[in-house]
$ cat upload26.txt   # compact mmCIF, C-alpha atoms and all ligand atoms
# COMPACT_ATOMS: atom_id res chain seq x y z
CA MET R 16 21.99 3.14 -13.72
CA ASN R 17 18.39 4.20 -14.30
CA HIS R 18 16.87 3.88 -17.75
CA PHE R 19 14.36 6.67 -17.31
CA GLU R 20 14.29 10.29 -16.24
CA ILE R 21 11.79 12.55 -14.53
CA GLN R 22 10.88 15.44 -16.82
CA ASP R 23 8.54 18.38 -16.58
CA LEU R 24 6.18 18.15 -19.54
CA PRO R 25 4.52 21.40 -20.63
CA GLY R 26 0.88 21.41 -19.62
CA LYS R 27 1.17 18.05 -17.89
CA GLY R 28 3.70 18.40 -15.11
CA ARG R 29 6.07 15.78 -13.86
CA ALA R 30 6.41 12.60 -15.89
CA MET R 31 8.68 9.56 -16.06
CA ILE R 32 10.23 9.17 -19.53
CA ALA R 33 12.00 6.02 -20.79
CA THR R 34 15.59 6.61 -21.89
CA LYS R 35 15.80 3.18 -23.52
CA SER R 36 13.25 0.77 -24.94
CA PHE R 37 11.72 -1.95 -22.74
CA ALA R 38 10.18 -5.23 -23.87
CA THR R 39 6.94 -6.48 -22.30
CA ASP R 40 7.67 -8.04 -18.86
CA GLU R 41 11.06 -6.32 -18.64
CA ILE R 42 11.87 -4.80 -15.24
CA ILE R 43 12.11 -1.01 -15.38
CA PHE R 44 13.27 -0.54 -11.79
CA GLU R 45 13.05 -1.88 -8.26
CA GLU R 46 12.56 0.40 -5.30
CA GLU R 47 12.43 0.17 -1.53
CA PRO R 48 9.86 2.46 0.07
CA PHE R 49 10.82 5.76 1.67
CA VAL R 50 8.54 4.58 4.45
CA SER R 51 6.00 1.78 4.84
CA HIS R 52 3.69 0.55 7.58
CA GLN R 53 1.16 -2.19 8.13
CA PHE R 54 -2.44 -0.97 8.49
CA SER R 55 -3.69 -0.48 12.05
CA TRP R 56 -6.62 -2.92 12.07
CA ASN R 57 -4.62 -5.46 10.09
CA THR R 58 -2.02 -5.43 12.89
CA ALA R 59 -4.70 -5.47 15.60
CA TYR R 60 -6.38 -8.54 14.09
CA GLY R 61 -3.13 -10.52 14.31
CA TYR R 62 -1.97 -10.45 10.69
CA ALA R 63 1.70 -11.17 11.32
CA ALA R 64 4.15 -9.18 9.21
CA CYS R 65 7.70 -7.92 9.65
CA ASP R 66 7.46 -4.49 11.24
CA HIS R 67 9.98 -3.15 8.74
CA CYS R 68 9.37 -4.85 5.36
CA MET R 69 5.94 -6.50 5.81
CA ARG R 70 7.19 -10.00 4.94
CA PRO R 71 4.78 -12.61 6.36
CA LEU R 72 5.86 -13.96 9.76
CA GLU R 73 3.66 -17.05 9.77
CA THR R 74 4.29 -20.50 8.40
CA LEU R 75 1.85 -21.60 5.71
CA LEU R 76 -0.01 -23.79 8.22
CA GLU R 77 -0.23 -21.04 10.85
CA ASN R 78 -1.50 -18.64 8.22
CA VAL R 79 -4.16 -20.94 6.76
CA ARG R 80 -5.35 -22.13 10.19
CA ARG R 81 -5.66 -18.60 11.55
CA LEU R 82 -7.50 -17.37 8.46
CA ALA R 83 -9.85 -20.38 8.50
CA ASN R 84 -10.15 -20.22 12.32
CA ASN R 85 -9.66 -23.97 12.28
CA GLN R 86 -6.61 -25.75 13.69
CA ALA R 87 -7.52 -28.95 11.85
CA VAL R 88 -7.04 -27.63 8.31
CA ALA R 89 -4.35 -29.62 6.51
CA VAL R 90 -2.22 -28.38 3.62
CA PRO R 91 -0.28 -30.56 1.15
CA LEU R 92 3.20 -29.80 -0.18
CA VAL R 93 4.24 -27.95 2.99
CA GLU R 94 7.85 -28.60 1.93
CA HIS R 95 7.21 -25.65 -0.42
CA ASP R 96 6.19 -23.34 2.43
CA PRO R 97 7.94 -20.05 1.49
CA THR R 98 8.32 -19.13 5.16
CA ALA R 99 10.58 -22.14 5.78
CA LEU R 100 13.43 -20.18 4.19
CA TRP R 101 12.98 -17.27 6.56
CA PHE R 102 11.78 -18.89 9.72
CA PRO R 103 15.23 -19.39 11.31
CA GLN R 104 15.96 -15.69 10.85
CA PHE R 105 12.85 -14.29 12.55
CA THR R 106 13.77 -11.96 15.38
CA GLN R 107 12.36 -9.19 17.54
CA CYS R 108 13.26 -5.91 19.21
CA ALA R 109 14.58 -6.84 22.65
CA ARG R 110 12.83 -3.87 24.26
CA CYS R 111 9.35 -3.64 22.69
CA LYS R 112 9.11 -7.16 21.18
CA VAL R 113 8.08 -5.84 17.75
CA ARG R 114 8.88 -8.65 15.30
CA TYR R 115 11.12 -8.68 12.23
CA CYS R 116 11.72 -11.19 9.45
CA SER R 117 15.49 -10.92 9.78
CA GLU R 118 18.39 -9.33 11.58
CA ASP R 119 18.79 -7.12 8.46
CA CYS R 120 15.32 -5.62 8.92
CA LEU R 121 15.87 -5.10 12.65
CA VAL R 122 19.18 -3.33 12.01
CA GLU R 123 17.72 -1.22 9.19
CA ALA R 124 14.73 -0.22 11.35
CA GLN R 125 17.03 0.69 14.24
CA LYS R 126 19.20 2.70 11.89
CA ARG R 127 16.34 4.68 10.33
CA TYR R 128 13.64 5.16 12.99
CA HIS R 129 13.20 2.48 15.62
CA ARG R 130 15.87 3.80 17.98
CA VAL R 131 13.55 6.72 18.78
CA ALA R 132 10.26 5.00 17.85
CA CYS R 133 10.72 2.02 20.19
CA MET R 134 8.05 2.30 22.88
CA GLY R 135 9.53 -0.43 25.07
CA ALA R 136 7.02 -1.65 27.64
CA PHE R 137 4.66 1.25 26.77
CA ARG R 138 3.77 -0.56 23.54
CA ALA R 139 1.00 -2.34 25.48
CA ASP R 140 -0.09 0.81 27.36
CA ASP R 141 -3.41 2.10 25.98
CA THR R 142 -2.81 5.52 27.50
CA HIS R 143 0.48 6.11 25.68
CA PRO R 144 -0.11 9.08 23.30
CA ILE R 145 0.99 7.08 20.22
CA ASN R 146 -1.50 4.32 21.08
CA VAL R 147 -4.21 6.92 21.69
CA LEU R 148 -3.47 8.41 18.27
CA ASN R 149 -3.64 4.97 16.62
CA GLU R 150 -6.94 4.16 18.39
CA THR R 151 -8.37 7.53 17.32
CA TRP R 152 -7.44 6.66 13.74
CA LYS R 153 -8.88 3.13 13.98
CA LYS R 154 -12.24 4.42 15.15
CA MET R 155 -12.44 6.56 12.02
CA HIS R 156 -11.11 4.09 9.55
CA TYR R 157 -12.58 0.59 9.70
CA PRO R 158 -11.58 -2.16 7.24
CA PRO R 159 -11.21 -2.32 4.29
CA GLU R 160 -8.31 -0.02 5.15
CA THR R 161 -6.58 2.31 2.72
CA GLY R 162 -4.12 4.04 5.01
CA THR R 163 -2.83 4.37 8.55
CA ILE R 164 -1.78 7.29 10.72
CA MET R 165 1.11 5.05 11.82
CA LEU R 166 2.83 5.84 8.52
CA ILE R 167 2.99 9.47 9.66
CA VAL R 168 4.16 8.37 13.12
CA ARG R 169 7.02 6.51 11.44
CA LEU R 170 7.85 9.56 9.32
CA MET R 171 8.13 11.62 12.50
CA ALA R 172 10.55 9.08 13.99
CA MET R 173 12.59 9.11 10.78
CA TYR R 174 12.78 12.87 11.00
CA GLN R 175 13.73 12.83 14.66
CA GLN R 176 16.41 10.22 14.18
CA SER R 177 17.81 11.58 10.92
CA ASN R 178 21.15 13.34 11.01
CA LYS R 179 20.43 14.77 7.55
CA LYS R 180 17.19 16.54 8.33
CA SER R 181 17.22 18.88 5.35
CA GLU R 182 17.63 15.91 3.00
CA PHE R 183 14.73 14.15 4.72
CA LEU R 184 12.52 17.22 4.35
CA GLU R 185 13.45 17.58 0.70
CA GLN R 186 12.41 13.99 0.04
CA LEU R 187 9.16 14.50 1.92
CA GLN R 188 8.58 17.66 -0.08
CA SER R 189 8.91 15.70 -3.33
CA PHE R 190 5.64 13.92 -2.46
CA GLN R 191 3.94 17.14 -1.58
CA ALA R 192 4.23 18.45 -5.13
CA LEU R 193 1.40 16.17 -6.19
CA ILE R 194 -1.11 17.85 -3.92
CA VAL R 195 -3.48 20.22 -5.62
CA ASN R 196 -5.68 22.76 -3.87
CA ARG R 197 -8.75 20.64 -3.50
CA GLU R 198 -7.41 18.69 -0.52
CA GLN R 199 -10.82 18.67 1.14
CA LYS R 200 -11.96 15.93 -1.22
CA ILE R 201 -9.09 13.70 -0.16
CA TYR R 202 -9.87 14.15 3.53
CA HIS R 203 -13.50 13.42 2.81
CA LYS R 204 -12.45 10.24 1.03
CA MET R 205 -10.11 9.19 3.87
CA LEU R 206 -12.27 10.06 6.85
CA GLY R 207 -15.85 10.09 5.59
CA GLU R 208 -18.77 12.44 6.12
CA ASN R 209 -17.64 13.95 9.42
CA PHE R 210 -14.12 14.50 8.22
CA GLU R 211 -13.83 18.01 9.58
CA ARG R 212 -14.57 16.96 13.16
CA GLN R 213 -12.50 13.80 12.78
CA MET R 214 -9.60 15.78 11.38
CA GLU R 215 -9.83 17.96 14.49
CA GLN R 216 -9.73 14.92 16.80
CA LEU R 217 -6.83 13.36 14.92
CA TYR R 218 -4.97 16.63 14.98
CA THR R 219 -5.37 16.91 18.75
CA ALA R 220 -4.17 13.34 19.27
CA PHE R 221 -1.26 13.98 16.89
CA CYS R 222 -0.16 17.10 18.78
CA ASN R 223 -0.35 15.20 22.07
CA ALA R 224 1.91 12.51 20.67
CA PHE R 225 4.45 14.97 19.26
CA LYS R 226 4.66 17.72 21.86
CA SER R 227 8.39 18.25 21.73
CA GLU R 228 9.70 21.48 20.20
CA GLU R 229 11.55 19.59 17.48
CA PHE R 230 8.22 18.59 15.88
CA ALA R 231 6.88 22.15 15.90
CA MET R 232 7.11 22.42 12.11
CA PHE R 233 4.77 19.40 11.70
CA THR R 234 2.23 20.24 14.39
CA THR R 235 0.71 23.37 12.85
CA PRO R 236 -2.80 22.70 11.46
CA ASP R 237 -1.59 23.26 7.88
CA ALA R 238 1.47 21.04 8.20
CA PHE R 239 -0.67 18.24 9.63
CA LYS R 240 -3.13 18.56 6.76
CA THR R 241 -0.25 18.38 4.30
CA LEU R 242 0.99 15.17 5.92
CA MET R 243 -2.51 13.72 5.70
CA GLY R 244 -2.69 14.82 2.06
CA ILE R 245 0.57 13.03 1.28
CA LEU R 246 -0.86 9.90 2.86
CA GLY R 247 -4.10 10.26 0.89
CA THR R 248 -2.68 10.85 -2.58
CA ASN R 249 0.78 9.26 -2.69
CA SER R 250 0.60 6.02 -0.77
CA GLN R 251 0.79 2.71 -2.58
CA GLY R 252 -1.01 -0.31 -1.13
CA ILE R 253 1.18 -3.26 -0.14
CA ALA R 254 -0.15 -6.77 0.43
CA THR R 255 1.85 -9.84 1.45
CA SER R 256 0.62 -13.38 1.96
CA VAL R 257 2.43 -16.64 2.59
CA LEU R 258 -0.61 -18.50 1.21
CA ALA R 259 -0.54 -16.57 -2.07
CA GLN R 260 3.21 -17.07 -2.30
CA TRP R 261 2.84 -20.81 -1.74
CA VAL R 262 0.08 -21.05 -4.36
CA THR R 263 2.32 -19.33 -6.93
CA LYS R 264 5.18 -21.66 -6.04
CA VAL R 265 3.28 -24.96 -6.19
CA SER R 266 1.37 -23.91 -9.32
CA GLU R 267 4.72 -23.75 -11.11
CA LEU R 268 5.73 -27.28 -10.08
CA PRO R 269 6.23 -29.68 -13.01
CA LEU R 270 3.41 -32.07 -12.07
CA PRO R 271 1.51 -34.61 -14.20
CA ASP R 272 -1.84 -33.22 -15.42
CA ALA R 273 -3.90 -35.37 -13.06
CA ASP R 274 -1.89 -34.18 -10.04
CA LYS R 275 -2.17 -30.58 -11.20
CA GLU R 276 -5.92 -30.89 -11.41
CA GLN R 277 -6.05 -32.37 -7.94
CA LEU R 278 -3.83 -29.59 -6.61
CA ASP R 279 -6.12 -26.97 -8.17
CA THR R 280 -9.07 -28.53 -6.35
CA VAL R 281 -7.16 -28.49 -3.06
CA ILE R 282 -6.24 -24.82 -3.59
CA ASP R 283 -9.86 -23.92 -4.37
CA GLU R 284 -11.00 -25.72 -1.20
CA LEU R 285 -8.34 -23.93 0.86
CA TYR R 286 -9.47 -20.55 -0.44
CA ALA R 287 -13.07 -21.48 0.31
CA LYS R 288 -12.15 -22.38 3.91
CA VAL R 289 -10.17 -19.22 4.63
CA GLY R 290 -12.74 -17.11 2.76
CA ASP R 291 -15.57 -18.47 4.94
CA PHE R 292 -14.00 -17.03 8.06
CA ALA R 293 -11.67 -14.20 6.95
CA GLY R 294 -13.78 -13.04 3.99
CA GLU R 295 -11.81 -10.80 1.69
CA PHE R 296 -9.14 -10.13 4.34
CA LEU R 297 -6.53 -12.72 3.45
CA ASN R 298 -3.39 -10.59 3.30
CA ASN R 299 -1.06 -8.63 5.50
CA GLU R 300 -1.96 -5.16 4.33
CA GLY R 301 -0.28 -1.82 4.56
CA SER R 302 0.94 1.03 2.44
CA GLY R 303 4.12 2.84 1.58
CA LEU R 304 5.48 6.00 0.03
CA TYR R 305 7.86 5.46 -2.89
CA ILE R 306 9.98 8.34 -4.10
CA LEU R 307 10.29 7.17 -7.72
CA GLN R 308 7.15 5.14 -8.15
CA SER R 309 5.00 8.02 -6.88
CA LYS R 310 6.25 10.17 -9.79
CA ILE R 311 4.63 7.90 -12.38
CA ASN R 312 1.48 9.27 -13.97
CA HIS R 313 -1.73 7.37 -14.54
CA SER R 314 -2.97 6.07 -17.88
CA CYS R 315 -6.08 4.00 -18.62
CA VAL R 316 -3.85 2.12 -21.10
CA PRO R 317 -0.76 1.70 -18.89
CA ASN R 318 2.53 0.42 -20.27
CA ALA R 319 3.87 -0.51 -16.82
CA GLN R 320 2.68 -2.10 -13.59
CA SER R 321 3.80 -2.05 -9.95
CA THR R 322 4.41 -5.58 -8.69
CA PHE R 323 5.56 -7.01 -5.34
CA PRO R 324 7.27 -10.28 -6.29
CA TYR R 325 9.36 -10.66 -3.13
CA SER R 326 6.44 -10.78 -0.72
CA ASN R 327 7.68 -7.67 1.04
CA ASP R 328 7.44 -3.91 0.47
CA ILE R 329 9.92 -3.71 -2.43
CA VAL R 330 8.09 -2.53 -5.54
CA VAL R 331 9.20 -3.83 -8.92
CA LEU R 332 8.01 -1.79 -11.89
CA LYS R 333 7.48 -4.02 -14.92
CA ALA R 334 6.64 -3.17 -18.53
CA VAL R 335 3.24 -4.59 -19.53
CA ALA R 336 3.58 -3.43 -23.14
CA PRO R 337 6.57 -2.56 -25.34
CA ILE R 338 7.97 0.86 -24.37
CA GLU R 339 10.04 2.92 -26.80
CA LYS R 340 12.84 5.27 -25.83
CA GLY R 341 11.21 8.68 -25.22
CA ASP R 342 7.79 7.21 -24.26
CA GLU R 343 6.20 8.26 -21.01
CA ILE R 344 6.06 5.38 -18.51
CA CYS R 345 2.56 5.13 -17.00
CA ILE R 346 0.84 2.84 -14.53
CA SER R 347 -2.86 2.57 -13.79
CA TYR R 348 -4.10 4.02 -10.49
CA LEU R 349 -7.32 2.08 -11.09
CA ASP R 350 -7.71 -1.65 -10.59
CA GLU R 351 -8.50 -3.92 -13.52
CA CYS R 352 -12.25 -3.77 -13.01
CA GLN R 353 -12.31 0.01 -12.79
CA LEU R 354 -10.18 0.22 -15.94
CA GLU R 355 -12.82 -1.61 -17.99
CA ARG R 356 -15.52 0.90 -17.12
CA SER R 357 -16.71 3.82 -19.21
CA ARG R 358 -14.62 6.95 -19.54
CA HIS R 359 -17.23 8.78 -17.48
CA SER R 360 -16.94 6.28 -14.67
CA ARG R 361 -13.10 6.16 -14.76
CA HIS R 362 -12.91 9.93 -14.61
CA LYS R 363 -15.23 10.04 -11.63
CA THR R 364 -12.98 7.65 -9.64
CA LEU R 365 -9.78 9.47 -10.64
CA ARG R 366 -11.25 12.86 -9.82
CA GLU R 367 -12.43 11.75 -6.40
CA ASN R 368 -9.30 9.85 -5.40
CA TYR R 369 -6.45 11.59 -7.15
CA ILE R 370 -7.92 14.95 -8.16
CA PHE R 371 -7.09 15.06 -11.86
CA VAL R 372 -8.75 14.68 -15.23
CA CYS R 373 -7.24 11.84 -17.26
CA GLN R 374 -6.00 12.82 -20.73
CA CYS R 375 -4.55 9.45 -21.70
CA PRO R 376 -4.88 8.15 -25.30
CA LYS R 377 -7.87 5.96 -24.37
CA CYS R 378 -9.71 8.85 -22.70
CA ARG R 379 -8.95 11.18 -25.60
CA ALA R 380 -10.20 8.59 -28.11
CA GLN R 381 -13.39 8.20 -26.06
CA ALA R 382 -13.81 11.94 -25.54
CA SER R 383 -16.71 12.06 -27.99
CA ASP R 384 -18.56 9.18 -26.29
CA PRO R 385 -21.80 10.48 -24.83
CA ASP R 386 -21.63 10.87 -21.05
CA VAL R 387 -23.90 8.20 -19.70
CA THR R 388 -26.62 9.61 -17.49
CA SER R 389 -26.08 8.94 -13.81
CA ASP R 390 -28.83 6.29 -13.65
CA GLU R 391 -27.44 4.29 -16.52
CA ASP R 392 -23.99 4.75 -15.17
CA GLU R 393 -24.95 3.36 -11.80
CA ASP R 394 -26.66 0.36 -13.38
CA ASP R 395 -23.69 -0.08 -15.62
CA ASP R 396 -21.29 0.09 -12.70
CA ASP R 397 -23.31 -2.35 -10.63
CA GLU R 398 -23.30 -4.85 -13.43
CA GLU R 399 -19.59 -4.48 -14.02
CA MET R 400 -18.99 -4.69 -10.31
CA ASP R 401 -20.81 -8.05 -10.21
CA ASP R 402 -18.63 -9.35 -13.02
CA CYS R 403 -15.54 -8.37 -11.11
CA ASP R 404 -16.76 -10.01 -7.93
CA ASP R 405 -17.29 -13.21 -9.88
CA ASP R 406 -13.79 -13.01 -11.25
CA MET R 407 -12.31 -12.75 -7.82
CA ALA R 408 -14.30 -15.58 -6.30
ZN ZN A 1 11.60 -7.71 7.11
ZN ZN A 2 11.51 -1.73 20.01
ZN ZN A 3 -7.56 7.78 -19.18
$ encode --input "upload26.txt" --output "C-alpha cells"
Amino acid sequence: MNHFEIQDLPGKGRAMIATKSFATDEIIFEEEPFVSHQFSWNTAYGYAACDHCMRPLETLLENVRRLANNQAVAVPLVEHDPTALWFPQFTQCARCKVRYCSEDCLVEAQKRYHRVACMGAFRADDTHPINVLNETWKKMHYPPETGTIMLIVRLMAMYQQSNKKSEFLEQLQSFQALIVNREQKIYHKMLGENFERQMEQLYTAFCNAFKSEEFAMFTTPDAFKTLMGILGTNSQGIATSVLAQWVTKVSELPLPDADKEQLDTVIDELYAKVGDFAGEFLNNEGSGLYILQSKINHSCVPNAQSTFPYSNDIVVLKAVAPIEKGDEICISYLDECQLERSRHSRHKTLRENYIFVCQCPKCRAQASDPDVTSDEDEDDDDEEMDDCDDDMA
C-alpha cells in the first residue's frame, strides 16, 4: 500500500502528498522504471552494464583496471567485490549477445520489449537503421551525456510488443502532462545551438528506423517532438558502479582505526588512478522514466531524495527530513552545489532545464533578495563551482 497520493493542487498542478508521517531516512517508496537505457557513448566506450537493469557486469578488478587503463592495478579486500554475488548469473541474449546480469533480467526484457527489439546479427551492422539513428544521436550529444535516443527506441519496442497498447499509451501520456509550451528551450538544451537542423536529422533517422504503419502515430513531426520533450524533462539519471559499491561496503567494515586509515589511503589512491585516465567518467550511466517519481515536484528545501541503493535502475525515495501527513513530498531537481547558490541562480537553472519558476518556501523567503547583476552572478557562480569541484575531488 502506498502512503502518498497524487493530488491536483490549485495553482500548482500535480503534487505528491504524504498520507502518513515519515521520519528522516524512512523509505517512502521503491519503483522500477517504466523504461531505462544506458547512454549511447557510455555503452560505446565499454562501460559494461546489464542491458535491462544497468547493474554493473564487471568484477571490481576488471572495472578498476579498465578505468585506470592499467592491468597491473591491485585492489585489496576483493573478497568484498559486490559482483562476486552476481557473476555466476550473468547471461546474454542467444541471438544478439546483449548481456544481462541475470536470467530474471533477460526474461523480463524478452517479455517487455526485447522479443521485437533484438537485432540479432544486425547489432554489429553500422547500416542498420537503429544503429544509424544511434550514431546520428551520438554525433549531436557528446559526453557528459544527459540522455539517449535509445530510450525512445526501447519505448517503441515496448509499444510494438505490448498487448495492452492503450494502457501503454496512457502511461506514456502521464509523462507528457509535464510538458509546457516552451519546448524549444528543452531541445536547445538537449541538442545545442543547431538544434533545429539536428532535430530534422534525428527525425529523418527516426522515421527510417520506424517505417512500419504501426508506428505511424509516433512518426509525425509533432509526435516525435513530444517524445523528445518527454526525454528532456522527465528522465532521471541513473549511475551504477561496482567500485563505488565496493567502497561503500568496505567502508562499513568493523576495522581497527589504523586499518581504516590505511584503507582510506588505498581508496584515495585508487580514485586517483582511475581519475587520471577516465576523468569524471567512472560510472555506468543512463537514464530512465519513472511513473511515480516523475510526479514529484521540485523544492530548494527538499524533504525527500531519490537514491539507487541496489546498484541498478530501481529508485528508492527516502525522506531527508521529517514529513507530516498532508505535507507535499518534494525532491530537488538541482544537485547539491546548485542548491547552495542564490535564488537568482537556482531559478535560472530550473527555468532553462525544467521550464518553471520555483515557489518553494526557500525561494519565497528569499523573494526580496536583490537580484544579483549578471556579472556578480557569474563571478559568484564560478566561485561556488570551484568549491564544488574541490568537494568532489
Ligand atoms: Zn539486470
Ligand atoms: Zn537479442
Ligand atoms: Zn525554490
$ closest_atom_pairs --input "upload26.txt" --of "stretch 56-123 of chain R" --to "stretch 234-258 of chain R" --cutoff "10 Å" --atoms "only C-alpha atoms" --output "Markdown table"
| residue | atom | partner | partner_atom | distance |
| --- | --- | --- | --- | --- |
| R:Tyr62 | CA | R:Ser256 | CA | 9.6 |
| R:Ala63 | CA | R:Ser256 | CA | 9.7 |
| R:Ala64 | CA | R:Thr255 | CA | 8.1 |
| R:Cys68 | CA | R:Thr255 | CA | 9.8 |
| R:Met69 | CA | R:Thr255 | CA | 6.8 |
| R:Arg70 | CA | R:Thr255 | CA | 6.4 |
| R:Pro71 | CA | R:Val257 | CA | 6.0 |
| R:Leu72 | CA | R:Val257 | CA | 8.4 |
| R:Glu73 | CA | R:Val257 | CA | 7.3 |
| R:Thr74 | CA | R:Val257 | CA | 7.2 |
| R:Leu75 | CA | R:Val257 | CA | 5.9 |
| R:Leu76 | CA | R:Leu258 | CA | 8.8 |
| R:Glu77 | CA | R:Val257 | CA | 9.7 |
| R:Asn78 | CA | R:Leu258 | CA | 7.1 |
| R:Val79 | CA | R:Leu258 | CA | 7.0 |
| R:Asp96 | CA | R:Val257 | CA | 7.7 |
| R:Pro97 | CA | R:Val257 | CA | 6.6 |
| R:Thr98 | CA | R:Val257 | CA | 6.9 |
$ closest_atom_pairs --input "upload26.txt" --of "chain R" --to "ligand ZN 3 (chain A)" --cutoff "12 Å" --atoms "only C-alpha atoms and all ligand atoms" --output "CSV"
residue,atom,partner,partner_atom,distance
R:Asn312,CA,A:ZN3,ZN,10.5
R:His313,CA,A:ZN3,ZN,7.5
R:Ser314,CA,A:ZN3,ZN,5.1
R:Cys315,CA,A:ZN3,ZN,4.1
R:Val316,CA,A:ZN3,ZN,7.0
R:Pro317,CA,A:ZN3,ZN,9.1
R:Cys345,CA,A:ZN3,ZN,10.7
R:Ile346,CA,A:ZN3,ZN,10.8
R:Ser347,CA,A:ZN3,ZN,8.8
R:Tyr348,CA,A:ZN3,ZN,10.1
R:Leu349,CA,A:ZN3,ZN,9.9
R:Gln353,CA,A:ZN3,ZN,11.1
R:Leu354,CA,A:ZN3,ZN,8.6
R:Glu355,CA,A:ZN3,ZN,10.8
R:Arg356,CA,A:ZN3,ZN,10.7
R:Ser357,CA,A:ZN3,ZN,10.0
R:Arg358,CA,A:ZN3,ZN,7.1
R:His359,CA,A:ZN3,ZN,9.9
R:Ser360,CA,A:ZN3,ZN,10.5
R:Arg361,CA,A:ZN3,ZN,7.3
R:His362,CA,A:ZN3,ZN,7.4
R:Lys363,CA,A:ZN3,ZN,11.0
R:Thr364,CA,A:ZN3,ZN,11.0
R:Leu365,CA,A:ZN3,ZN,9.0
R:Arg366,CA,A:ZN3,ZN,11.3
R:Phe371,CA,A:ZN3,ZN,10.3
R:Val372,CA,A:ZN3,ZN,8.0
R:Cys373,CA,A:ZN3,ZN,4.5
R:Gln374,CA,A:ZN3,ZN,5.5
R:Cys375,CA,A:ZN3,ZN,4.3
R:Pro376,CA,A:ZN3,ZN,6.7
R:Lys377,CA,A:ZN3,ZN,5.5
R:Cys378,CA,A:ZN3,ZN,4.3
R:Arg379,CA,A:ZN3,ZN,7.4
R:Ala380,CA,A:ZN3,ZN,9.3
R:Gln381,CA,A:ZN3,ZN,9.0
R:Ala382,CA,A:ZN3,ZN,9.8
$ residues_near_ligand --input "upload26.txt" --ligand "ligand ZN 2 (chain A)" --cutoff "10 Å" --atoms "all atoms listed in the file" --output "PyMOL selection string"
chain R and resi 107-114+121+124-125+129-136+138
$ residues_near_ligand --input "upload26.txt" --ligand "ligand ZN 1 (chain A)" --cutoff "7 Å" --atoms "all atoms listed in the file" --output "list in words"
Cys65, Asp66, His67, Cys68, Met69, Arg70, Tyr115, Cys116, Ser117 and Cys120 of chain R
$ closest_residue --input "upload26.txt" --among "R:Gly341, R:Lys288, R:Gly61, R:Met171" --to "R:Lys226" --atoms "all atoms listed in the file"
R:Met171
$ residues_near_point --input "upload26.txt" --point "(4.9, -3.1, -2.0)" --cutoff "9 Å" --atoms "all atoms listed in the file" --output "ChimeraX atom specification"
/R:47-48,51,68-69,251-255,301-303,321-331
$ closest_residue --input "upload26.txt" --among "R:His95, R:Lys35, R:Asp23, R:Asn299" --to "R:Lys264" --atoms "only C-alpha atoms"
R:His95
$ atom_distance --input "upload26.txt" --atom1 "atom CA of R:Met173" --atom2 "atom CA of R:Tyr128"
4.6 Å
